[in-house]
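Structure data follow from target.pdb (PDB, C-alpha atoms and all ligand atoms):
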```pdb
ATOM      1  CA  MET A   1       0.000   0.000   0.000
ATOM      2  CA  SER A   2       1.777   3.038  -1.155
ATOM      3  CA  ALA A   3       0.593   6.509  -0.459
ATOM      4  CA  ALA A   4      -2.938   5.553  -1.331
ATOM      5  CA  ASP A   5      -5.200   8.545  -1.418
ATOM      6  CA  THR A   6      -8.532   7.103  -2.178
ATOM      7  CA  ALA A   7     -12.158   7.934  -1.587
ATOM      8  CA  GLN A   8     -13.736   5.888   1.128
ATOM      9  CA  ALA A   9     -16.259   5.741   3.880
ATOM     10  CA  PRO A  10     -15.322   6.757   7.426
ATOM     11  CA  ALA A  11     -12.754   4.729   9.257
ATOM     12  CA  GLY A  12     -13.693   1.403  10.783
ATOM     13  CA  PRO A  13     -13.603   0.574  14.468
ATOM     14  CA  ASP A  14      -9.930  -0.289  14.431
ATOM     15  CA  THR A  15      -8.931   3.232  13.547
ATOM     16  CA  ALA A  16     -11.426   4.709  15.983
ATOM     17  CA  THR A  17      -9.446   3.140  18.799
ATOM     18  CA  ALA A  18      -6.100   3.773  17.167
ATOM     19  CA  PRO A  19      -3.300   5.431  19.083
ATOM     20  CA  GLN A  20      -2.886   9.102  18.455
ATOM     21  CA  ALA A  21       0.345  10.467  17.087
ATOM     22  CA  ARG A  22       1.904  13.840  16.614
ATOM     23  CA  VAL A  23       3.467  15.003  13.369
ATOM     24  CA  ALA A  24       7.062  15.352  14.544
ATOM     25  CA  ALA A  25       8.465  16.361  11.148
ATOM     26  CA  LYS A  26       7.160  17.238   7.712
ATOM     27  CA  ARG A  27       9.688  17.384   4.862
ATOM     28  CA  THR A  28       9.494  18.005   1.136
ATOM     29  CA  MET A  29      11.092  14.970  -0.539
ATOM     30  CA  ALA A  30      10.444  15.754  -4.217
ATOM     31  CA  ASP A  31       8.025  17.708  -6.386
ATOM     32  CA  GLY A  32       4.620  16.879  -4.962
ATOM     33  CA  VAL A  33       5.899  14.523  -2.269
ATOM     34  CA  VAL A  34       6.210  15.185   1.459
ATOM     35  CA  SER A  35       7.244  12.822   4.219
ATOM     36  CA  LEU A  36       5.714  12.792   7.676
ATOM     37  CA  THR A  37       7.466  11.485  10.766
ATOM     38  CA  LEU A  38       4.933  10.447  13.397
ATOM     39  CA  ARG A  39       5.549   9.893  17.097
ATOM     40  CA  ARG A  40       3.119   8.567  19.661
ATOM     41  CA  LEU A  41       1.249  11.267  21.524
ATOM     42  CA  GLY A  42       2.692  11.356  25.037
ATOM     43  CA  GLY A  43       5.711   9.313  24.001
ATOM     44  CA  GLY A  44       6.325   5.593  24.043
ATOM     45  CA  ARG A  45       6.788   2.824  21.557
ATOM     46  CA  LEU A  46       4.744   2.413  18.434
ATOM     47  CA  PRO A  47       3.650  -1.057  17.261
ATOM     48  CA  ASP A  48       6.306  -3.198  15.597
ATOM     49  CA  TRP A  49       6.141  -3.597  11.837
ATOM     50  CA  THR A  50       7.924  -5.325   8.993
ATOM     51  CA  PRO A  51       8.940  -4.124   5.501
ATOM     52  CA  GLY A  52       5.919  -3.768   3.209
ATOM     53  CA  ALA A  53       3.556  -2.765   6.043
ATOM     54  CA  HIS A  54       1.160   0.166   5.882
ATOM     55  CA  ILE A  55      -0.793   2.215   8.379
ATOM     56  CA  ASP A  56      -4.135   3.965   8.331
ATOM     57  CA  LEU A  57      -3.673   7.686   8.800
ATOM     58  CA  VAL A  58      -6.752   9.267  10.368
ATOM     59  CA  LEU A  59      -6.623  12.951   9.484
ATOM     60  CA  PRO A  60      -8.062  15.793  11.542
ATOM     61  CA  ASN A  61     -10.657  16.406   8.796
ATOM     62  CA  GLY A  62     -12.109  12.959   9.500
ATOM     63  CA  THR A  63     -10.769  11.149   6.455
ATOM     64  CA  THR A  64      -8.649   8.019   6.597
ATOM     65  CA  ARG A  65      -5.949   7.070   4.131
ATOM     66  CA  GLN A  66      -3.465   4.210   3.889
ATOM     67  CA  TYR A  67       0.255   4.836   3.546
ATOM     68  CA  SER A  68       3.223   2.482   3.412
ATOM     69  CA  LEU A  69       5.756   2.776   6.188
ATOM     70  CA  CYS A  70       9.022   3.916   4.653
ATOM     71  CA  GLY A  71      11.236   4.668   7.641
ATOM     72  CA  ASP A  72      13.565   2.658   9.837
ATOM     73  CA  ARG A  73      11.746  -0.441  11.058
ATOM     74  CA  TRP A  74      14.195  -0.728  13.947
ATOM     75  CA  ASP A  75      13.195   2.677  15.331
ATOM     76  CA  PRO A  76      10.361   1.785  17.742
ATOM     77  CA  TYR A  77       9.412   5.393  18.383
ATOM     78  CA  SER A  78       8.787   6.770  14.878
ATOM     79  CA  PHE A  79       6.750   5.983  11.802
ATOM     80  CA  ARG A  80       7.605   7.649   8.516
ATOM     81  CA  ILE A  81       5.325   7.825   5.490
ATOM     82  CA  GLY A  82       5.599   9.504   2.084
ATOM     83  CA  VAL A  83       2.574  11.316   0.655
ATOM     84  CA  LEU A  84       2.163  12.168  -3.021
ATOM     85  CA  ARG A  85      -0.200  15.005  -3.837
ATOM     86  CA  GLU A  86      -2.849  13.394  -6.010
ATOM     87  CA  PRO A  87      -5.171  15.733  -7.911
ATOM     88  CA  ASP A  88      -7.913  13.093  -7.996
ATOM     89  CA  GLY A  89      -7.312  11.990  -4.442
ATOM     90  CA  HIS A  90     -10.548  13.298  -2.939
ATOM     91  CA  GLY A  91      -8.751  15.688  -0.648
ATOM     92  CA  GLY A  92      -6.675  13.400   1.531
ATOM     93  CA  SER A  93      -3.291  14.202   0.063
ATOM     94  CA  ASP A  94      -4.213  17.861  -0.417
ATOM     95  CA  PHE A  95      -5.013  18.049   3.274
ATOM     96  CA  VAL A  96      -1.661  16.512   4.197
ATOM     97  CA  HIS A  97       0.218  18.852   1.879
ATOM     98  CA  ASP A  98      -1.657  22.074   2.636
ATOM     99  CA  GLU A  99      -3.217  21.839   6.081
ATOM    100  CA  LEU A 100      -1.319  19.303   8.153
ATOM    101  CA  HIS A 101       1.595  20.813  10.038
ATOM    102  CA  GLU A 102       4.295  19.757  12.441
ATOM    103  CA  GLY A 103       2.751  19.429  15.900
ATOM    104  CA  ASP A 104      -0.687  18.406  14.612
ATOM    105  CA  VAL A 105      -2.297  15.246  15.966
ATOM    106  CA  VAL A 106      -3.478  12.352  13.782
ATOM    107  CA  GLY A 107      -4.811   8.859  14.448
ATOM    108  CA  ILE A 108      -3.010   5.715  13.411
ATOM    109  CA  GLY A 109      -4.485   2.308  12.545
ATOM    110  CA  GLY A 110      -2.423  -0.807  12.009
ATOM    111  CA  PRO A 111       0.264  -1.480  10.962
ATOM    112  CA  ARG A 112      -0.834  -4.289   8.636
ATOM    113  CA  ASN A 113       1.276  -6.031   6.041
ATOM    114  CA  ASN A 114      -0.196  -7.429   2.808
ATOM    115  CA  PHE A 115       3.143  -7.144   1.004
ATOM    116  CA  PRO A 116       5.655  -8.991   3.188
ATOM    117  CA  LEU A 117       9.244  -9.595   2.186
ATOM    118  CA  VAL A 118       9.847 -13.346   2.098
ATOM    119  CA  PRO A 119      13.245 -15.090   1.959
ATOM    120  CA  ALA A 120      14.993 -15.323  -1.411
ATOM    121  CA  ASP A 121      18.454 -15.820  -2.874
ATOM    122  CA  ARG A 122      18.194 -12.457  -4.633
ATOM    123  CA  TYR A 123      15.667  -9.644  -4.918
ATOM    124  CA  LEU A 124      14.685  -7.387  -7.774
ATOM    125  CA  PHE A 125      12.712  -4.386  -6.563
ATOM    126  CA  ILE A 126      10.772  -2.344  -9.121
ATOM    127  CA  ALA A 127       9.307   1.011  -8.111
ATOM    128  CA  GLY A 128       7.267   3.491 -10.082
ATOM    129  CA  GLY A 129       6.930   6.965  -8.560
ATOM    130  CA  ILE A 130       5.606   6.968  -5.024
ATOM    131  CA  GLY A 131       5.654   3.163  -5.179
ATOM    132  CA  ILE A 132       9.177   3.513  -3.859
ATOM    133  CA  THR A 133       7.846   3.873  -0.295
ATOM    134  CA  PRO A 134       7.197   0.217   0.667
ATOM    135  CA  LEU A 135      10.403  -0.797  -1.084
ATOM    136  CA  LEU A 136      12.668   1.463   0.992
ATOM    137  CA  PRO A 137      12.456  -0.736   4.122
ATOM    138  CA  MET A 138      12.802  -3.804   1.902
ATOM    139  CA  VAL A 139      16.114  -2.731   0.430
ATOM    140  CA  ALA A 140      17.313  -1.893   3.941
ATOM    141  CA  GLN A 141      16.300  -5.368   5.085
ATOM    142  CA  ALA A 142      17.965  -7.069   2.110
ATOM    143  CA  GLU A 143      21.102  -5.072   2.820
ATOM    144  CA  LEU A 144      21.010  -6.065   6.482
ATOM    145  CA  LEU A 145      20.638  -9.732   5.561
ATOM    146  CA  GLN A 146      23.339  -9.423   2.888
ATOM    147  CA  VAL A 147      21.017 -10.781   0.224
ATOM    148  CA  PRO A 148      21.954  -9.486  -3.256
ATOM    149  CA  TRP A 149      19.427  -7.043  -4.677
ATOM    150  CA  ASP A 150      18.816  -4.434  -7.335
ATOM    151  CA  LEU A 151      16.286  -1.629  -7.434
ATOM    152  CA  LEU A 152      14.781  -0.277 -10.641
ATOM    153  CA  TYR A 153      13.246   3.086  -9.838
ATOM    154  CA  GLY A 154      11.290   4.933 -12.496
ATOM    155  CA  GLY A 155       9.543   8.262 -12.236
ATOM    156  CA  ARG A 156       8.117  11.083 -14.282
ATOM    157  CA  SER A 157      11.230  13.233 -13.876
ATOM    158  CA  TYR A 158      14.240  13.328 -11.610
ATOM    159  CA  SER A 159      12.755  16.134  -9.524
ATOM    160  CA  SER A 160       9.581  14.127  -8.913
ATOM    161  CA  MET A 161      11.402  11.086  -7.532
ATOM    162  CA  ALA A 162      11.462  11.018  -3.731
ATOM    163  CA  PHE A 163      14.125   9.599  -1.419
ATOM    164  CA  LEU A 164      16.908   9.660  -4.020
ATOM    165  CA  ASP A 165      19.369  11.048  -1.460
ATOM    166  CA  GLU A 166      18.895   8.022   0.782
ATOM    167  CA  LEU A 167      19.158   5.608  -2.106
ATOM    168  CA  ARG A 168      22.438   7.115  -3.242
ATOM    169  CA  ASP A 169      24.142   5.357  -0.326
ATOM    170  CA  TYR A 170      23.446   1.995  -1.985
ATOM    171  CA  GLY A 171      25.586   2.830  -5.023
ATOM    172  CA  ASP A 172      25.148   0.867  -8.236
ATOM    173  CA  LYS A 173      22.460  -1.412  -6.825
ATOM    174  CA  VAL A 174      20.006   1.412  -7.520
ATOM    175  CA  HIS A 175      19.054   2.103 -11.135
ATOM    176  CA  VAL A 176      17.242   5.412 -11.443
ATOM    177  CA  THR A 177      15.294   6.033 -14.659
ATOM    178  CA  PRO A 178      13.520   9.389 -15.011
ATOM    179  CA  HIS A 179      11.082   9.012 -17.869
ATOM    180  CA  ASP A 180      11.569  12.486 -19.328
ATOM    181  CA  THR A 181      15.286  11.941 -19.951
ATOM    182  CA  HIS A 182      15.722   8.153 -20.042
ATOM    183  CA  GLY A 183      12.364   6.769 -21.159
ATOM    184  CA  PRO A 184      10.583   3.849 -19.468
ATOM    185  CA  LEU A 185      12.174   1.254 -17.210
ATOM    186  CA  ASP A 186      14.125  -1.343 -19.182
ATOM    187  CA  LEU A 187      12.099  -4.314 -18.009
ATOM    188  CA  ASP A 188      13.301  -6.484 -20.905
ATOM    189  CA  ALA A 189      16.839  -6.291 -19.594
ATOM    190  CA  TRP A 190      15.896  -7.119 -16.032
ATOM    191  CA  LEU A 191      13.040  -9.625 -16.132
ATOM    192  CA  PRO A 192      14.241 -13.053 -17.293
ATOM    193  CA  ALA A 193      11.994 -15.725 -18.749
ATOM    194  CA  HIS A 194      12.295 -17.643 -15.476
ATOM    195  CA  PRO A 195      12.938 -16.109 -12.058
ATOM    196  CA  GLY A 196      15.737 -18.468 -11.005
ATOM    197  CA  GLY A 197      16.314 -17.595  -7.355
ATOM    198  CA  THR A 198      15.159 -13.990  -7.719
ATOM    199  CA  LYS A 199      11.954 -12.755  -6.140
ATOM    200  CA  VAL A 200      10.499  -9.603  -7.676
ATOM    201  CA  TYR A 201       8.689  -6.961  -5.646
ATOM    202  CA  CYS A 202       6.916  -4.259  -7.607
ATOM    203  CA  CYS A 203       4.909  -1.243  -6.466
ATOM    204  CA  GLY A 204       3.731   1.653  -8.568
ATOM    205  CA  PRO A 205       1.031   2.772 -10.984
ATOM    206  CA  GLY A 206      -1.368   0.190 -12.367
ATOM    207  CA  PRO A 207       0.088   0.157 -15.912
ATOM    208  CA  LEU A 208       3.570  -0.636 -14.552
ATOM    209  CA  LEU A 209       2.209  -3.455 -12.392
ATOM    210  CA  ASP A 210       0.185  -4.825 -15.283
ATOM    211  CA  THR A 211       3.240  -4.761 -17.569
ATOM    212  CA  VAL A 212       5.441  -6.519 -15.032
ATOM    213  CA  ALA A 213       2.727  -9.096 -14.306
ATOM    214  CA  HIS A 214       2.338  -9.751 -18.028
ATOM    215  CA  ARG A 215       6.076 -10.365 -18.441
ATOM    216  CA  CYS A 216       6.123 -12.706 -15.445
ATOM    217  CA  ALA A 217       2.938 -14.538 -16.422
ATOM    218  CA  GLY A 218       4.729 -17.893 -16.740
ATOM    219  CA  TRP A 219       6.512 -17.656 -13.417
ATOM    220  CA  PRO A 220       5.571 -19.876 -10.462
ATOM    221  CA  THR A 221       3.170 -18.297  -7.987
ATOM    222  CA  GLY A 222       4.829 -16.164  -5.339
ATOM    223  CA  TRP A 223       7.921 -15.129  -7.270
ATOM    224  CA  LEU A 224       6.359 -11.847  -8.328
ATOM    225  CA  ARG A 225       4.717  -9.833  -5.606
ATOM    226  CA  THR A 226       2.968  -6.566  -6.308
ATOM    227  CA  GLU A 227       1.186  -3.930  -4.321
ATOM    228  CA  ARG A 228      -1.382  -1.578  -5.741
ATOM    229  CA  PHE A 229      -2.329   1.781  -4.364
ATOM    230  CA  VAL A 230      -5.268   2.175  -6.693
ATOM    231  CA  ALA A 231      -7.849  -0.585  -6.693
ATOM    232  CA  ARG A 232      -7.830  -2.934  -9.638
ATOM    233  CA  SER A 233     -10.894  -2.453 -11.809
ATOM    234  CA  THR A 234     -13.046  -5.499 -11.178
ATOM    235  CA  ALA A 235     -16.474  -4.019 -11.705
ATOM    236  CA  ASP A 236     -18.695  -6.314 -13.703
ATOM    237  CA  GLY A 237     -22.307  -5.312 -13.635
ATOM    238  CA  ALA A 238     -23.309  -8.661 -15.081
ATOM    239  CA  ARG A 239     -22.025 -10.318 -11.897
ATOM    240  CA  ASP A 240     -23.737  -7.868  -9.572
ATOM    241  CA  ARG A 241     -26.641  -9.972  -8.442
ATOM    242  CA  GLY A 242     -28.090 -10.729  -5.066
ATOM    243  CA  PHE A 243     -27.129 -13.698  -2.906
ATOM    244  CA  ARG A 244     -27.568 -15.052   0.608
ATOM    245  CA  VAL A 245     -24.869 -15.050   3.256
ATOM    246  CA  GLU A 246     -25.056 -17.484   6.146
ATOM    247  CA  LEU A 247     -23.223 -16.321   9.253
ATOM    248  CA  ARG A 248     -22.182 -19.665  10.667
ATOM    249  CA  ARG A 249     -21.208 -18.576  14.162
ATOM    250  CA  SER A 250     -24.313 -16.511  14.850
ATOM    251  CA  GLY A 251     -26.666 -18.786  12.924
ATOM    252  CA  ARG A 252     -28.149 -15.896  10.939
ATOM    253  CA  THR A 253     -28.696 -15.545   7.216
ATOM    254  CA  ILE A 254     -28.742 -12.168   5.457
ATOM    255  CA  THR A 255     -29.546 -11.238   1.879
ATOM    256  CA  VAL A 256     -27.116  -9.072  -0.067
ATOM    257  CA  PRO A 257     -28.906  -7.257  -2.894
ATOM    258  CA  ALA A 258     -27.198  -6.437  -6.184
ATOM    259  CA  ASP A 259     -26.556  -2.817  -5.242
ATOM    260  CA  ARG A 260     -25.086  -3.339  -1.736
ATOM    261  CA  SER A 261     -21.789  -4.737  -0.544
ATOM    262  CA  VAL A 262     -21.538  -7.579   1.947
ATOM    263  CA  LEU A 263     -19.888  -5.161   4.343
ATOM    264  CA  GLN A 264     -22.758  -2.687   4.068
ATOM    265  CA  VAL A 265     -25.406  -5.337   4.685
ATOM    266  CA  LEU A 266     -23.463  -6.792   7.583
ATOM    267  CA  GLY A 267     -23.228  -3.336   9.140
ATOM    268  CA  GLU A 268     -26.955  -2.737   8.712
ATOM    269  CA  ALA A 269     -27.595  -6.088  10.385
ATOM    270  CA  GLY A 270     -25.478  -5.048  13.363
ATOM    271  CA  VAL A 271     -22.587  -7.371  12.514
ATOM    272  CA  GLN A 272     -19.380  -5.450  12.968
ATOM    273  CA  VAL A 273     -16.467  -6.247  10.654
ATOM    274  CA  LEU A 274     -13.381  -4.055  10.823
ATOM    275  CA  SER A 275     -12.805  -2.049   7.672
ATOM    276  CA  SER A 276     -10.732   0.820   6.440
ATOM    277  CA  CYS A 277     -10.152   1.375   2.697
ATOM    278  CA  ARG A 278     -13.397  -0.273   1.555
ATOM    279  CA  GLN A 279     -11.818  -0.815  -1.856
ATOM    280  CA  GLY A 280     -10.201  -4.226  -1.444
ATOM    281  CA  LEU A 281      -6.770  -2.688  -0.941
ATOM    282  CA  CYS A 282      -5.878  -2.708   2.736
ATOM    283  CA  GLY A 283      -6.849  -6.193   3.932
ATOM    284  CA  THR A 284      -8.652  -5.033   7.076
ATOM    285  CA  CYS A 285     -11.994  -6.701   6.331
ATOM    286  CA  GLU A 286     -10.631 -10.171   5.552
ATOM    287  CA  THR A 287     -13.227 -12.785   6.496
ATOM    288  CA  ALA A 288     -12.963 -16.566   6.439
ATOM    289  CA  VAL A 289     -15.232 -18.370   3.964
ATOM    290  CA  LEU A 290     -16.625 -21.733   5.103
ATOM    291  CA  GLY A 291     -18.773 -22.531   2.089
ATOM    292  CA  GLY A 292     -19.889 -21.257  -1.300
ATOM    293  CA  GLU A 293     -17.807 -19.643  -4.029
ATOM    294  CA  PRO A 294     -16.532 -16.115  -3.446
ATOM    295  CA  ASP A 295     -16.388 -13.648  -6.349
ATOM    296  CA  HIS A 296     -13.066 -12.014  -5.524
ATOM    297  CA  ARG A 297     -12.818  -8.332  -6.470
ATOM    298  CA  ASP A 298      -9.952  -7.250  -4.257
ATOM    299  CA  SER A 299      -6.437  -6.179  -5.254
ATOM    300  CA  LEU A 300      -4.739  -8.371  -2.665
ATOM    301  CA  LEU A 301      -5.087 -12.100  -3.323
ATOM    302  CA  ASP A 302      -2.977 -13.936  -5.857
ATOM    303  CA  ASP A 303      -4.399 -16.576  -8.200
ATOM    304  CA  ASP A 304      -3.730 -19.477  -5.820
ATOM    305  CA  GLU A 305      -5.306 -17.670  -2.898
ATOM    306  CA  ARG A 306      -8.346 -16.852  -4.998
ATOM    307  CA  ALA A 307      -8.673 -20.436  -6.114
ATOM    308  CA  ALA A 308      -8.491 -21.641  -2.509
ATOM    309  CA  GLY A 309     -11.681 -19.685  -1.816
ATOM    310  CA  ASP A 310     -11.248 -19.807   1.960
ATOM    311  CA  CYS A 311     -11.241 -16.076   2.615
ATOM    312  CA  MET A 312     -12.594 -12.888   1.062
ATOM    313  CA  PHE A 313     -12.610  -9.128   1.532
ATOM    314  CA  VAL A 314     -16.212  -8.308   2.228
ATOM    315  CA  CYS A 315     -15.943  -4.615   1.332
ATOM    316  CA  VAL A 316     -15.790  -5.427  -2.390
ATOM    317  CA  SER A 317     -15.982  -9.153  -3.025
ATOM    318  CA  ARG A 318     -19.277 -10.876  -3.671
ATOM    319  CA  SER A 319     -20.493 -14.406  -4.358
ATOM    320  CA  LEU A 320     -20.641 -16.540  -7.468
ATOM    321  CA  SER A 321     -22.851 -19.038  -5.645
ATOM    322  CA  GLU A 322     -26.338 -18.188  -4.438
ATOM    323  CA  HIS A 323     -25.362 -19.131  -0.899
ATOM    324  CA  LEU A 324     -22.151 -18.139   0.850
ATOM    325  CA  ILE A 325     -21.116 -19.194   4.352
ATOM    326  CA  LEU A 326     -18.891 -16.873   6.371
ATOM    327  CA  ASP A 327     -17.146 -17.456   9.691
ATOM    328  CA  LEU A 328     -19.052 -14.688  11.469
TER
HETATM  329  S1  LIG B 401     -11.621  -2.522   4.079
HETATM  330 FE1  LIG B 401      -9.727  -2.545   3.029
HETATM  331  S2  LIG B 401      -9.769  -4.462   2.011
HETATM  332 FE2  LIG B 401     -11.779  -4.275   2.822
END
```

Using structure tokens, write down the structure that the file contains.
Ligand code: FES
Amino acid sequence: MSAADTAQAPAGPDTATAPQARVAAKRTMADGVVSLTLRRLGGGRLPDWTPGAHIDLVLPNGTTRQYSLCGDRWDPYSFRIGVLREPDGHGGSDFVHDELHEGDVVGIGGPRNNFPLVPADRYLFIAGGIGITPLLPMVAQAELLQVPWDLLYGGRSYSSMAFLDELRDYGDKVHVTPHDTHGPLDLDAWLPAHPGGTKVYCCGPGPLLDTVAHRCAGWPTGWLRTERFVARSTADGARDRGFRVELRRSGRTITVPADRSVLQVLGEAGVQVLSSCRQGLCGTCETAVLGGEPDHRDSLLDDDERAAGDCMFVCVSRSLSEHLILDL
């Protein structure tokens, strides 16, 4: 989850009880990108996290956004995030850029990690624009573990690419490609027909992720891992039909009409499920499936996980069967 600035409903219960934090530092990192350093209000440790994790940022204007943690994971007292100003971002990033100042108080939910770094003989990290944020802690971790790695980092222009100063310390492992002077990332040169021992982690705009996924289509599952910060388009009106959901633990059955999400109907029925992004991006609303066939519309599960059919994200996913059984 990288600097997502997406329209959504109010924060779920997890963020309502989230610790409060103060903006300890706000820095301009590139054209249109600021970083925020957050420290717990009143002092003390923040929750532990691992590379690839994100937090919910609950802003003083009542909106909640998800941002990847991009600071030092071994610093227990600070979170750092990078925020890209997004013209179509429904005001979240504008608020951070224009109205959030050092000393202001925000809420924090999480951290959660849907993009974990798993062991490999070698890593290839591919970042597009603000997609660099979840990869920063990953390259630090790979460096710490002395696992060979390379980073391909593309951006609109050199001045728009954040955190270049920090990356300079890694020398020729970092391959910076501003589009206006160098063209697109040279994926042909870096993505082999078979991964060998290299695991690829990619975060950035949808077209970059789609291109990388296309090139790695024949790879075994798990060797390419991607994270989106804009939901994948999965809308299919033809599949938007009603179905019944049995809540196995409470013994109730609810009906989800074609124009309502499972999450909405659960909420109206008084069944609380934690949620945050409500776009199938953050993973908060994951619910175990005990029966039936989910119609997955999230941007999180890979093909094998979808085929397993044992969990779903109830904010967006629906049902291909007329009857679905959830562990609620
Ligand atoms: S609330 Fe974020 S995935 Fe459902």

When the PyMOL selection byres (((chain A and resi 135) around 9) and not hetatm) is applied to the file above, which residues end up in the set, as a PyMOL selection string? chain A and resi 51-52+70+125-127+131-134+136-140+151+201-203

If you count all atoms listed in the file, which residues end up within 10 Å of ligand LIG 401 (chain B), as a PyMOL selection string? chain A and resi 8-9+11-12+66+231+263+273-287+297-300+312-317

Near Ser319 (chain A), counting all atoms listed in the file, which residues have an atom at most 9 Å away, once you skip same-chain residues fewer than 4 positions from it, shown as a list in words? Arg239, Asp240, Arg241, Gly242, Phe243, Arg244, Val245, Gly292, Glu293, Pro294, Asp295, His296, His323 and Leu324 of chain A

Translate the PyMOL selection byres (((chain A and resi 167-179) around 12) and not hetatm) into a concrete residue list for this structure, as an MDAnalysis selection string. chainID A and resid 123:129 132:133 135:137 139:140 142:144 147:166 180:187 190

In Å to one decimal, how far is CA of Gly291 (chain A) from CA of Ile325 (chain A)? 4.7 Å

Excluding Asp210 (chain A) and any residue of its chain fewer than 5 positions from it, enumerate the residues within 12 Å of it, using only C-alpha atoms, and give them as a list in words.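 Residues meeting the cut-off are Cys202, Cys203, Gly204, Pro205, Arg215, Cys216, Ala217, Leu224, Arg225, Thr226, Glu227, Arg228, Arg232 and Ser233 of chain A.
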
Result set of the PyMOL selection byres (((chain A and resi 310) around 6) and not hetatm) on the coordinates above, as a PyMOL selection string: chain A and resi 288-289+308-309+311

Point-to-point distance from CA of Arg27 (chain A) to CA of Trp74 (chain A), Å rounded to tenths: 20.8 Å

Computed interatomic separation between CA of Arg318 (chain A) and CA of Pro220 (chain A) (Å):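 We find that CA of Arg318 (chain A) and CA of Pro220 (chain A) lie 27.3 Å from each other.
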
Which residues, protein or nucleic acid, reach to within 6 Å of (-21.1, -14.8, 8.8) in the file's coordinates when using all atoms listed in the file, and can you give that as a PyMOL selection string? chain A and resi 246-248+326-328
